[in-house]
Each structure stands twice: as structure tokens, then as C-alpha cells.
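Structure data follow from start_26.cif (mmCIF, C-alpha atoms):
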```cif
data_run
loop_
_atom_site.label_atom_id
_atom_site.label_comp_id
_atom_site.auth_asym_id
_atom_site.auth_seq_id
_atom_site.Cartn_x
_atom_site.Cartn_y
_atom_site.Cartn_z
CA MET A 1 -19.58 69.74 -9.76
CA ARG A 2 -23.17 68.48 -9.52
CA LEU A 3 -23.63 65.82 -6.85
CA ALA A 4 -27.23 64.91 -7.54
CA ALA A 5 -30.43 66.62 -8.54
CA GLY A 6 -30.41 70.02 -6.89
CA VAL A 7 -27.02 69.51 -5.26
CA THR A 8 -24.41 71.95 -6.53
CA THR A 9 -21.01 73.24 -5.52
CA LEU A 10 -20.67 76.86 -4.35
CA GLY A 11 -17.77 78.76 -2.83
CA GLY A 12 -16.11 78.56 0.58
CA ASP A 13 -17.84 78.37 3.95
CA GLN A 14 -17.92 82.12 4.53
CA ASP A 15 -19.34 82.89 1.09
CA PHE A 16 -22.11 80.30 1.13
CA ALA A 17 -23.05 81.01 4.77
CA ARG A 18 -24.20 84.48 3.70
CA ARG A 19 -26.35 83.19 0.86
CA PRO A 20 -30.04 82.49 1.58
CA PHE A 21 -30.92 78.81 1.43
CA ARG A 22 -33.19 78.03 -1.53
CA GLY A 23 -33.00 74.24 -1.65
CA SER A 24 -29.64 73.70 -3.36
CA LEU A 25 -27.00 71.94 -1.27
CA SER A 26 -23.28 72.51 -1.75
CA ASP A 27 -20.38 70.33 -0.67
CA SER A 28 -19.86 72.83 2.16
CA ASP A 29 -23.50 72.44 3.21
CA LEU A 30 -23.06 68.68 3.37
CA ARG A 31 -19.88 69.01 5.44
CA LEU A 32 -21.57 71.30 7.95
CA LEU A 33 -24.62 69.05 8.12
CA ARG A 34 -22.31 66.15 8.98
CA VAL A 35 -20.75 68.23 11.75
CA PHE A 36 -24.23 69.14 13.02
CA ARG A 37 -25.30 65.49 12.96
CA THR A 38 -22.25 64.49 14.99
CA VAL A 39 -22.86 67.25 17.57
CA VAL A 40 -26.44 66.08 18.04
CA ASP A 41 -25.41 62.42 18.21
CA CYS A 42 -22.81 63.26 20.86
CA GLY A 43 -25.16 65.49 22.84
CA GLY A 44 -23.26 68.76 22.61
CA PHE A 45 -20.19 70.66 21.41
CA SER A 46 -17.79 69.51 24.13
CA ALA A 47 -18.73 65.88 23.71
CA ALA A 48 -18.26 66.16 19.93
CA GLU A 49 -14.68 67.46 20.20
CA VAL A 50 -13.19 63.97 20.34
CA SER A 51 -15.42 62.52 17.62
CA LEU A 52 -14.71 65.41 15.26
CA ASN A 53 -11.12 65.99 16.42
CA LYS A 54 -11.87 69.72 16.39
CA SER A 55 -11.87 72.40 19.07
CA LYS A 56 -15.13 73.54 20.63
CA SER A 57 -14.70 76.98 19.05
CA ALA A 58 -14.21 75.47 15.57
CA ILE A 59 -17.32 73.33 15.98
CA SER A 60 -19.28 76.37 17.18
CA LEU A 61 -18.17 78.30 14.08
CA ASP A 62 -19.35 75.46 11.83
CA ILE A 63 -22.76 75.39 13.48
CA SER A 64 -23.02 79.19 13.28
CA ASN A 65 -22.23 79.06 9.55
CA LEU A 66 -24.89 76.40 9.07
CA GLU A 67 -27.44 78.46 11.00
CA SER A 68 -26.59 81.51 8.88
CA ARG A 69 -26.97 79.43 5.74
CA LEU A 70 -30.37 78.06 6.77
CA GLY A 71 -31.58 81.26 8.42
CA ALA A 72 -32.59 79.50 11.62
CA THR A 73 -31.31 78.80 15.12
CA LEU A 74 -30.69 75.07 15.33
CA CYS A 75 -29.69 74.63 18.95
CA GLN A 76 -29.44 76.33 22.30
CA ARG A 77 -26.03 76.19 23.95
CA GLY A 78 -24.89 77.70 27.20
CA ARG A 79 -24.94 77.06 30.92
CA ALA A 80 -28.27 75.29 30.66
CA GLY A 81 -26.68 72.73 28.34
CA PHE A 82 -27.24 71.70 24.74
CA ALA A 83 -30.74 71.42 23.31
CA LEU A 84 -32.20 71.37 19.80
CA THR A 85 -34.77 73.94 18.75
CA ASP A 86 -37.80 72.80 16.79
CA GLU A 87 -36.00 73.87 13.62
CA GLY A 88 -32.88 72.02 14.73
CA GLN A 89 -34.85 68.81 15.29
CA LEU A 90 -36.34 69.13 11.81
CA VAL A 91 -32.93 69.72 10.20
CA TYR A 92 -31.35 66.84 12.12
CA LEU A 93 -33.99 64.33 11.01
CA ALA A 94 -33.84 65.65 7.45
CA ALA A 95 -30.03 65.35 7.44
CA LEU A 96 -30.21 61.72 8.57
CA GLN A 97 -32.61 60.97 5.75
CA LEU A 98 -30.52 62.95 3.25
CA PHE A 99 -27.31 60.99 3.91
CA THR A 100 -29.21 57.70 3.78
CA ASP A 101 -30.82 58.68 0.48
CA LEU A 102 -27.50 59.78 -1.06
CA ASP A 103 -25.95 56.42 -0.24
CA LYS A 104 -28.95 54.54 -1.59
CA PHE A 105 -28.93 56.60 -4.78
CA ARG A 106 -25.30 55.80 -5.52
CA ASP A 107 -25.72 52.11 -4.79
CA ARG A 108 -28.95 51.73 -6.77
CA VAL A 109 -27.49 53.46 -9.82
CA SER A 110 -24.37 51.31 -9.64
CA ALA A 111 -26.36 48.10 -9.20
CA GLY A 112 -28.84 49.01 -11.94
CA MET A 113 -26.08 49.69 -14.43
CA ARG A 114 -24.17 46.59 -13.35
CA HIS A 115 -21.03 48.59 -12.73
CA LEU A 116 -19.83 50.91 -9.98
CA THR A 117 -19.95 54.67 -10.49
CA GLY A 118 -19.55 57.78 -8.36
CA LYS A 119 -16.45 58.80 -6.45
CA VAL A 120 -14.42 57.60 -3.50
CA ALA A 121 -12.34 60.01 -1.40
CA VAL A 122 -9.19 58.67 0.26
CA LEU A 123 -6.90 60.45 2.74
CA LEU A 124 -3.31 59.21 3.10
CA LEU A 125 -0.76 60.19 5.72
CA ASP A 126 2.03 62.42 4.34
CA ASN A 127 4.98 60.47 2.89
CA LEU A 128 3.11 57.16 2.97
CA VAL A 129 4.33 56.49 -0.55
CA SER A 130 7.91 56.28 0.77
CA VAL A 131 7.11 53.06 2.62
CA ALA A 132 3.97 51.71 0.96
CA GLU A 133 4.35 52.55 -2.72
CA ALA A 134 3.97 48.97 -3.99
CA PRO A 135 0.71 47.98 -2.22
CA LEU A 136 -0.87 51.39 -2.86
CA VAL A 137 -0.08 51.20 -6.58
CA GLU A 138 -1.33 47.61 -6.75
CA ALA A 139 -4.58 48.45 -4.93
CA PHE A 140 -5.37 51.52 -7.03
CA ALA A 141 -4.46 49.74 -10.28
CA ALA A 142 -6.57 46.66 -9.50
CA PHE A 143 -9.52 48.81 -8.42
CA GLY A 144 -9.24 51.08 -11.47
CA ARG A 145 -9.14 48.17 -13.91
CA GLN A 146 -12.19 46.56 -12.31
CA HIS A 147 -14.18 49.78 -11.76
CA PRO A 148 -13.07 52.29 -14.41
CA ARG A 149 -16.10 54.56 -13.95
CA VAL A 150 -15.39 55.34 -10.28
CA GLU A 151 -13.58 58.62 -9.74
CA LEU A 152 -10.87 58.46 -7.08
CA HIS A 153 -10.05 61.55 -5.00
CA VAL A 154 -6.76 60.93 -3.15
CA GLU A 155 -5.11 63.50 -0.87
CA SER A 156 -2.03 63.47 1.34
CA VAL A 157 -2.49 65.16 4.72
CA SER A 158 -1.25 65.07 8.32
CA ALA A 159 -2.26 62.32 10.76
CA SER A 160 -4.78 64.63 12.43
CA GLY A 161 -6.06 65.61 8.99
CA VAL A 162 -6.77 61.97 8.11
CA GLU A 163 -8.64 61.41 11.36
CA ARG A 164 -10.62 64.65 11.09
CA GLY A 165 -11.50 64.04 7.43
CA ILE A 166 -12.95 60.60 8.16
CA LEU A 167 -14.88 61.83 11.20
CA GLU A 168 -16.37 64.76 9.32
CA GLY A 169 -17.26 62.67 6.27
CA ASP A 170 -14.87 64.42 3.87
CA ALA A 171 -13.47 61.02 2.88
CA GLU A 172 -14.65 57.43 3.18
CA ILE A 173 -11.24 55.80 3.63
CA GLY A 174 -8.07 56.88 5.43
CA ILE A 175 -4.65 55.32 5.99
CA SER A 176 -2.60 56.67 8.89
CA VAL A 177 -1.10 56.10 12.31
CA VAL A 178 -3.74 56.55 15.02
CA PRO A 179 -2.09 57.54 18.32
CA ARG A 180 -5.14 56.66 20.43
CA PRO A 181 -8.32 54.58 20.06
CA VAL A 182 -11.30 56.56 18.76
CA ALA A 183 -14.67 55.00 19.56
CA THR A 184 -16.32 56.25 16.38
CA LEU A 185 -13.59 54.94 14.06
CA GLU A 186 -13.04 51.43 12.76
CA MET A 187 -9.29 50.79 12.44
CA LEU A 188 -8.04 47.82 10.43
CA PRO A 189 -4.29 47.07 10.88
CA LEU A 190 -2.27 47.23 7.65
CA PHE A 191 1.44 47.15 8.50
CA ARG A 192 4.14 48.27 10.91
CA GLU A 193 6.80 50.83 10.05
CA GLU A 194 10.11 50.76 11.92
CA LEU A 195 11.64 53.95 13.35
CA ARG A 196 15.28 54.52 14.31
CA LEU A 197 17.29 57.47 15.62
CA TYR A 198 19.59 59.52 13.35
CA CYS A 199 21.84 62.57 13.41
CA GLY A 200 23.21 64.68 10.56
CA ALA A 201 26.84 65.05 9.47
CA GLY A 202 27.25 68.35 11.30
CA HIS A 203 25.99 67.00 14.64
CA PRO A 204 28.45 66.51 17.57
CA LEU A 205 27.48 62.82 17.79
CA PHE A 206 28.14 62.10 14.13
CA ALA A 207 31.85 61.39 14.65
CA ALA A 208 31.58 60.23 18.27
CA ALA A 209 32.83 56.71 18.95
CA GLY A 210 29.99 54.66 20.42
CA PRO A 211 28.06 57.33 22.33
CA THR A 212 26.15 56.02 25.33
CA ALA A 213 22.40 56.31 25.77
CA ASP A 214 22.87 58.98 28.45
CA GLU A 215 25.07 61.04 26.12
CA ILE A 216 22.54 60.74 23.30
CA LEU A 217 19.63 61.75 25.55
CA ARG A 218 21.29 65.10 26.30
CA HIS A 219 20.89 66.28 22.69
CA PRO A 220 17.77 68.04 21.31
CA LEU A 221 15.26 65.98 19.33
CA VAL A 222 12.78 66.76 16.57
CA GLU A 223 9.51 65.55 18.10
CA PRO A 224 7.77 62.91 15.94
CA SER A 225 4.42 64.00 14.57
CA THR A 226 2.54 60.94 15.87
CA THR A 227 3.10 57.54 17.44
CA ASP A 228 0.92 54.76 18.82
CA ASP A 229 3.50 53.21 21.18
CA PRO A 230 3.29 54.43 24.83
CA ALA A 231 6.84 53.22 25.53
CA PHE A 232 8.11 55.24 22.59
CA VAL A 233 6.21 58.31 23.81
CA ALA A 234 8.02 57.96 27.13
CA LEU A 235 11.37 57.56 25.35
CA VAL A 236 10.77 60.70 23.28
CA GLY A 237 9.88 62.54 26.49
CA SER A 238 13.36 61.75 27.84
CA PHE A 239 14.93 64.05 25.22
CA PRO A 240 14.94 67.85 25.22
CA ILE A 241 12.52 68.73 22.40
CA SER A 242 13.95 71.37 20.10
CA SER A 243 11.42 71.43 17.26
CA ARG A 244 8.50 69.66 15.64
CA ALA A 245 7.97 68.59 12.03
CA GLY A 246 4.68 67.34 10.64
CA SER A 247 6.10 65.14 7.88
CA LEU A 248 9.19 63.09 7.04
CA ASP A 249 10.26 65.60 4.39
CA THR A 250 10.39 68.42 6.93
CA ARG A 251 11.85 66.27 9.71
CA ILE A 252 14.79 65.12 7.56
CA LEU A 253 15.69 68.73 6.78
CA LEU A 254 15.99 69.56 10.47
CA ILE A 255 18.05 66.42 11.16
CA LEU A 256 20.35 67.11 8.21
CA SER A 257 21.01 70.60 9.62
CA GLY A 258 23.15 68.93 12.29
CA LEU A 259 21.32 70.69 15.13
CA HIS A 260 18.71 68.05 16.00
CA LEU A 261 18.36 64.31 16.41
CA GLY A 262 15.31 62.64 14.91
CA PHE A 263 13.51 59.35 14.33
CA LEU A 264 13.11 58.13 10.74
CA PRO A 265 12.14 54.90 8.97
CA PRO A 266 15.40 53.13 7.94
CA HIS A 267 14.32 52.74 4.32
CA TYR A 268 13.63 56.47 4.12
CA ALA A 269 16.96 57.43 5.71
CA ALA A 270 18.99 54.95 3.63
CA ARG A 271 19.88 57.32 0.78
CA TRP A 272 21.41 59.88 3.16
CA VAL A 273 23.17 57.21 5.20
CA GLU A 274 24.76 55.80 2.04
CA ARG A 275 26.20 59.16 1.04
CA GLY A 276 27.45 59.96 4.53
CA ALA A 277 24.94 62.67 5.42
CA LEU A 278 23.20 60.72 8.22
CA ARG A 279 24.33 58.38 10.97
CA GLU A 280 22.16 55.90 12.84
CA LEU A 281 22.54 55.99 16.63
CA ALA A 282 22.25 53.02 19.04
CA PRO A 283 19.54 51.05 17.19
CA GLN A 284 19.28 48.51 20.03
CA THR A 285 18.20 51.29 22.41
CA PHE A 286 16.53 53.92 20.24
CA SER A 287 14.05 52.20 17.96
CA SER A 288 10.30 51.70 17.76
CA SER A 289 7.54 51.11 15.23
CA ASN A 290 4.19 52.56 14.28
CA MET A 291 1.14 50.59 13.19
CA PHE A 292 -0.61 51.98 10.12
CA HIS A 293 -4.35 51.39 9.92
CA LEU A 294 -7.01 51.59 7.27
CA ILE A 295 -9.57 53.91 8.88
CA LEU A 296 -13.34 53.99 8.38
CA LYS A 297 -16.13 55.77 10.23
CA LYS A 298 -18.26 53.24 12.10
CA SER A 299 -21.55 55.10 11.76
CA ALA A 300 -21.18 55.81 8.04
CA ARG A 301 -22.70 53.44 5.52
CA GLN A 302 -20.01 52.80 2.92
CA THR A 303 -20.98 53.10 -0.72
CA ALA A 304 -20.47 50.05 -2.92
CA ALA A 305 -17.48 51.76 -4.55
CA ALA A 306 -15.86 52.52 -1.17
CA GLN A 307 -16.43 48.93 -0.06
CA ALA A 308 -14.73 47.65 -3.20
CA LEU A 309 -11.73 49.94 -2.74
CA THR A 310 -11.45 48.95 0.93
CA LYS A 311 -11.25 45.29 -0.10
CA SER A 312 -8.66 46.11 -2.77
CA LEU A 313 -6.46 47.99 -0.28
CA LEU A 314 -6.68 45.27 2.38
CA ARG A 315 -5.85 42.59 -0.18
CA ALA A 316 -2.82 44.49 -1.52
CA PHE A 317 -1.37 45.36 1.90
CA ARG A 318 -1.84 41.86 3.29
CA ALA A 319 -0.09 40.41 0.25
CA ALA A 320 2.79 42.92 0.61
CA ALA A 321 3.19 42.48 4.38
CA PRO A 322 2.13 38.96 5.39
CA ASP A 323 4.31 39.29 8.51
CA GLY A 324 2.91 42.74 9.31
CA LEU A 325 6.07 44.71 8.43
CA ILE A 326 6.77 46.51 5.17
CA ALA A 327 10.49 46.96 4.70
CA GLY A 328 10.12 49.78 2.19
CA PRO A 329 10.82 49.95 -1.54
CA PRO A 330 13.80 47.98 -2.84
CA GLY A 331 17.02 49.79 -3.54
#
```

Mind converting the file's structure to C-alpha cells?
Amino acid sequence: MRLAAGVTTLGGDQDFARRPFRGSLSDSDLRLLRVFRTVVDCGGFSAAEVSLNKSKSAISLDISNLESRLGATLCQRGRAGFALTDEGQLVYLAALQLFTDLDKFRDRVSAGMRHLTGKVAVLLLDNLVSVAEAPLVEAFAAFGRQHPRVELHVESVSASGVERGILEGDAEIGISVVPRPVATLEMLPLFREELRLYCGAGHPLFAAAGPTADEILRHPLVEPSTTDDPAFVALVGSFPISSRAGSLDTRILLILSGLHLGFLPPHYAARWVERGALRELAPQTFSSSNMFHLILKKSARQTAAAQALTKSLLRAFRAAAPDGLIAGPPG
């Protein structure tokens, strides 16, 4: 795929890192340049860990790959601290100009042709469609009808994957639960999703008559992948944790096994409850909710197409959940 004049797509990070730089930039080059820009903006690798949501070793590997690609040492790191070399200062300033020019190019072309073009990348939390199908479909349909020449790239990933993808510039828009405030992210509330506690048909509590909270707390729990409610975090910590599942589809399998308790959205669990495979436990005691946000990177200048899609998503979600809570798909 050709991004712009002289910008081409090559192979993976390891392949392109070994190739001498001759002026052509790949998608991988752009990703590593964004990581490098963030490291410089933060003042070092350790400080960039939170902004990038990556380990120091992973960030160091990215910078090493970029240095191999460019054939130059970009920064000094060690006990003396972080400092740019002359080459690193040059690359940093050039990267800032590059990203500004790419945004201007897309916007000028779109404005000159009187219609939006280009692409918009969106990252959605796994299983989001199970609770937010209607507003997502409405937003994408409305945007597509109005801007048919914009190419949408939509991926479903983990909560940490959404956060990391926005921070690293892999996508312009994300929708996910954010367990903690991130200074470099703008988070616009979309809706709340309810969570309740369930056990499978083979679990000892399934046939128990009115188990107490203390009895329930003695049984192993599948740890939720993410939550933004401190009280719920404390509640989860009261259980013995037996396993962890990164998505609803994997969590439900462990709960259905009858060996673990687990928290699920009621609309998602309904089909198994109706056929007698799941039982809800003490909803007055064991319930919570997660706030889903539309996530943008504060320092990134959104393209005109990304701005339009952001407005379409906000409009659709606010129409679907005027009270802040989406109950899930009907039926």
C-alpha cells in the first residue's frame, strides 16, 4: 500500500530494520518514529512507559530497530540519563514535520476535492458488538453514506491493545474501558455496561438455595480483564482468583465449565441463563458497571475523516444511550 509519494509498505519490523534507509518510509518506519517522538517528548524510556503502555525493554527494542533502519545512533541512554545525539535531534525535528505534513496533505486533498478521502483506523474492545451493535452499525453506516471514499480499518483487540494502539498512533479512534486516567489520552464517555456474577450448571452454588455472600466469596473467580471501578476492584480482590480471561468469549467458557465464578454483562449471559446453563448469584451484592469511552490521543491532530467519524460515533451512542446505559441488543 502506498501512503504518499515515496512512502511504501515493507515487511515486519525485523526485516525492514536490516534494510538500509534510502528515503522510502514504511508503515513500520512511521510506527517506530511515533514511538521515538513519544520517548523524546517524555524525556526518556522509563517516562514513556505509561504514555506508550509498553515495557522499557519493548521501547528500547523499537528504538534499536529504528536506529538500525536509519544507520545512526539517535540517543544516549544509561546511568547518565537520556540525551539525544545530533542525529537524534535531526530525526526528531524531521519526524515532527513529517507527521504534520501527512495530516495537512490528507486534509488539503479532501478539502480540494470537496469530499473526504484517506483512511481511518479504529480499535474496538473485544466483544463490544455484543452490547453496542446498534450504535456501532448506525455510526458506521451514516459515516459510510456521507463519506464513501474514506477507507475504514476496524480491529477488535484487548483493552490494553486499544490503549497502546492509540498511544502509538496505530489508530486514530478507540472504544474501550480505561481502568485508569492517562494524561496523554482524551476520553469521551459513551455508555455504561452492567456486570453481574454467574456460575455454571456444574458449579456447587448452582443448586444452592440462597447462598450468602460469605459462601459465594469462598469460591474461585475468573478475574475480569479490566474495570474502572475501585470498589469493584476491591470486591474482586475478596475472591480467590483461579484464572484470567481476556475476553467475554473466553470468560464464559471458564464459567460454563462449572469450576469458576465470573462477572458478565446480563444481556450477554441471557442466552445461557434461559437454557439453564448459567445462574446469576446475589445481584444486590455482586454487581458493578464499566464506563466505555471513545479514546483519542491528545497530542495527535485528527484528520478531517477521523473528526467526522468521531462525531458520527458520539451522535449514535448518545442517541442509543441518553441515560448513559446501553441495555444490550433486544431479544

### Task
Could you expand the PyMOL selection byres ((chain A and resi 277) around 7) into the explicit residues it covers here, written as a list in words?
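Checked against the file, the PyMOL selection byres ((chain A and resi 277) around 7) matches Gly200, Ala201, Leu256, Trp272, Val273, Arg275, Gly276 and Leu278 of chain A.
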
### Query
What gap, in Å, lies between CA of Lys56 (chain A) and CA of Cys42 (chain A)?
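Computed distance, CA of Lys56 (chain A) to CA of Cys42 (chain A), equals 12.8 Å.
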
### Message
Let me make sure I understand: among A:Leu264, A:Cys75, A:Leu309, A:Leu93, which one has the smallest atom-to-atom distance to Arg145 (chain A) if we use all atoms listed in the file?
### Response
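Of A:Leu264, A:Cys75, A:Leu309, A:Leu93, the one nearest Arg145 (chain A) is A:Leu309, counting all atoms listed in the file.
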
### Query
Of the candidates A:Leu102, A:Leu125, A:Ala207, A:Ile59, which one gets nearest to Phe45 (chain A) if we count only C-alpha atoms?
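Of all the options, A:Ile59 lies closest to Phe45 (chain A).
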
### Task
Fewer than 3 positions away in the same chain doesn't count, so skip those; otherwise give me all residues within 8 Å of Ser257 (chain A), counting all atoms listed in the file, as a PyMOL selection string.
chain A and resi 200+202-203+253-254+260

Can you spit out the residues from that selection as an mmCIF file, in the coordinates of the input, using C-alpha atoms?
```cif
data_model
loop_
_atom_site.group_PDB
_atom_site.id
_atom_site.type_symbol
_atom_site.label_atom_id
_atom_site.label_comp_id
_atom_site.auth_asym_id
_atom_site.auth_seq_id
_atom_site.Cartn_x
_atom_site.Cartn_y
_atom_site.Cartn_z
ATOM 1 C CA GLY A 200 23.210 64.680 10.560
ATOM 2 C CA GLY A 202 27.250 68.350 11.300
ATOM 3 C CA HIS A 203 25.990 67.000 14.640
ATOM 4 C CA LEU A 253 15.690 68.730 6.780
ATOM 5 C CA LEU A 254 15.990 69.560 10.470
ATOM 6 C CA HIS A 260 18.710 68.050 16.000
#
```

### Task
Record the distance separating CA of Ser242 (chain A) and CA of Pro211 (chain A), expressed in Å with one decimal.
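CA of Pro211 (chain A) lies 20.0 Å from CA of Ser242 (chain A).
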
Using all atoms listed in the file, what does the table of region 289-311 of chain A residues within 12 Å of region 128-137 of chain A look like, with each row giving the shortest atom pair and its distance in Å to one decimal, sorted by chain and ascending number, as a Markdown table?
```
| residue | atom | partner | partner_atom | distance |
| --- | --- | --- | --- | --- |
| A:Phe292 | CA | A:Leu128 | CA | 9.6 |
| A:His293 | CA | A:Leu128 | CA | 11.7 |
| A:Leu294 | CA | A:Leu136 | CA | 11.8 |
| A:Leu309 | CA | A:Leu136 | CA | 11.0 |
| A:Thr310 | CA | A:Leu136 | CA | 11.5 |
```

### Spatial neighbours of Pro266 (chain A), 8 Å, only C-alpha atoms, chain gap at least 4 places, as a count of residues only
4

### Query
Smallest atom-to-atom distance to Ser28 (chain A): which of A:Ile175, A:Ile63, A:Val157, A:Ala80, using only C-alpha atoms?
A:Ile63

### Residue IDs satisfying the PyMOL selection byres ((chain A and resi 78) around 12), as a ChimeraX atom specification
/A:44-46,60,75-77,79-83

Quick one: 5 Å padding each side, axis-aligned, all listed atoms of region 39-58 of chain A - centre and edge lengths in Å to one decimal, as AutoDock Vina command-line options?
```
--center_x -18.8 --center_y 69.7 --center_z 19.7 --size_x 25.3 --size_y 24.6 --size_z 18.9
```

### One-decimal distance in Å that lies between CA of Lys298 (chain A) and CA of Asp101 (chain A)
18.0 Å

### Message
Restricting the calculation to only C-alpha atoms: of A:Leu33, A:Leu261, A:Val236, A:Leu66, which residue gets closest to Gln97 (chain A)?
### Response
A:Leu33

### Task
Considering only C-alpha atoms, state which residue in the set A:Ala282, A:Leu167, A:Leu116, A:Leu52 is at the smallest distance from Gln146 (chain A).
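Closest to Gln146 (chain A), using only C-alpha atoms: A:Leu116.
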
### Query
Can you list, as a list in words, the residues that the PyMOL selection byres ((chain A and resi 263) around 10) selects here?
Glu194, Leu195, Arg196, Leu197, Tyr198, Cys199, Leu221, Val222, Glu223, Pro224, Val236, Leu248, Arg251, Ile252, Ile255, Leu261, Gly262, Leu264, Pro265, Pro266, Ala269, Glu280, Leu281, Phe286, Ser287 and Ser288 of chain A

Write the residues of the selection above to a file with C-alpha atoms, as a PDB file, keeping the file's coordinate frame.
```pdb
ATOM      1  CA  GLU A 194      10.110  50.760  11.920  1.00  0.00           C
ATOM      2  CA  LEU A 195      11.640  53.950  13.350  1.00  0.00           C
ATOM      3  CA  ARG A 196      15.280  54.520  14.310  1.00  0.00           C
ATOM      4  CA  LEU A 197      17.290  57.470  15.620  1.00  0.00           C
ATOM      5  CA  TYR A 198      19.590  59.520  13.350  1.00  0.00           C
ATOM      6  CA  CYS A 199      21.840  62.570  13.410  1.00  0.00           C
ATOM      7  CA  LEU A 221      15.260  65.980  19.330  1.00  0.00           C
ATOM      8  CA  VAL A 222      12.780  66.760  16.570  1.00  0.00           C
ATOM      9  CA  GLU A 223       9.510  65.550  18.100  1.00  0.00           C
ATOM     10  CA  PRO A 224       7.770  62.910  15.940  1.00  0.00           C
ATOM     11  CA  VAL A 236      10.770  60.700  23.280  1.00  0.00           C
ATOM     12  CA  LEU A 248       9.190  63.090   7.040  1.00  0.00           C
ATOM     13  CA  ARG A 251      11.850  66.270   9.710  1.00  0.00           C
ATOM     14  CA  ILE A 252      14.790  65.120   7.560  1.00  0.00           C
ATOM     15  CA  ILE A 255      18.050  66.420  11.160  1.00  0.00           C
ATOM     16  CA  LEU A 261      18.360  64.310  16.410  1.00  0.00           C
ATOM     17  CA  GLY A 262      15.310  62.640  14.910  1.00  0.00           C
ATOM     18  CA  LEU A 264      13.110  58.130  10.740  1.00  0.00           C
ATOM     19  CA  PRO A 265      12.140  54.900   8.970  1.00  0.00           C
ATOM     20  CA  PRO A 266      15.400  53.130   7.940  1.00  0.00           C
ATOM     21  CA  ALA A 269      16.960  57.430   5.710  1.00  0.00           C
ATOM     22  CA  GLU A 280      22.160  55.900  12.840  1.00  0.00           C
ATOM     23  CA  LEU A 281      22.540  55.990  16.630  1.00  0.00           C
ATOM     24  CA  PHE A 286      16.530  53.920  20.240  1.00  0.00           C
ATOM     25  CA  SER A 287      14.050  52.200  17.960  1.00  0.00           C
ATOM     26  CA  SER A 288      10.300  51.700  17.760  1.00  0.00           C
TER      27      SER A 288
END
```

### Message
So, with only C-alpha atoms as the atoms that count, which of A:Arg192, A:His147, A:Arg279, A:Arg34 lies closest to Arg318 (chain A)?
### Response
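The answer is A:Arg192, which sits nearest to Arg318 (chain A).
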
For Glu186 (chain A), work out the shell of residues within 8 Å, counting all atoms listed in the file and skipping chain neighbours fewer than 3 positions away, then give it as a short mmCIF file (atom, residue, chain, number, x, y, z; two decimals) with C-alpha atoms, in the frame of the given file.
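Below is the file that was written, around_1.cif:
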```cif
data_model
loop_
_atom_site.label_atom_id
_atom_site.label_comp_id
_atom_site.auth_asym_id
_atom_site.auth_seq_id
_atom_site.Cartn_x
_atom_site.Cartn_y
_atom_site.Cartn_z
CA ALA A 183 -14.67 55.00 19.56
CA ILE A 295 -9.57 53.91 8.88
CA LEU A 296 -13.34 53.99 8.38
CA LYS A 297 -16.13 55.77 10.23
CA LYS A 298 -18.26 53.24 12.10
#
```

### Message
Counting all atoms listed in the file, which residues have an atom no more than 12 Å from (-7.2, 50.8, 1.1) in the file's coordinates? Please list them as a count of residues only.
### Response
46
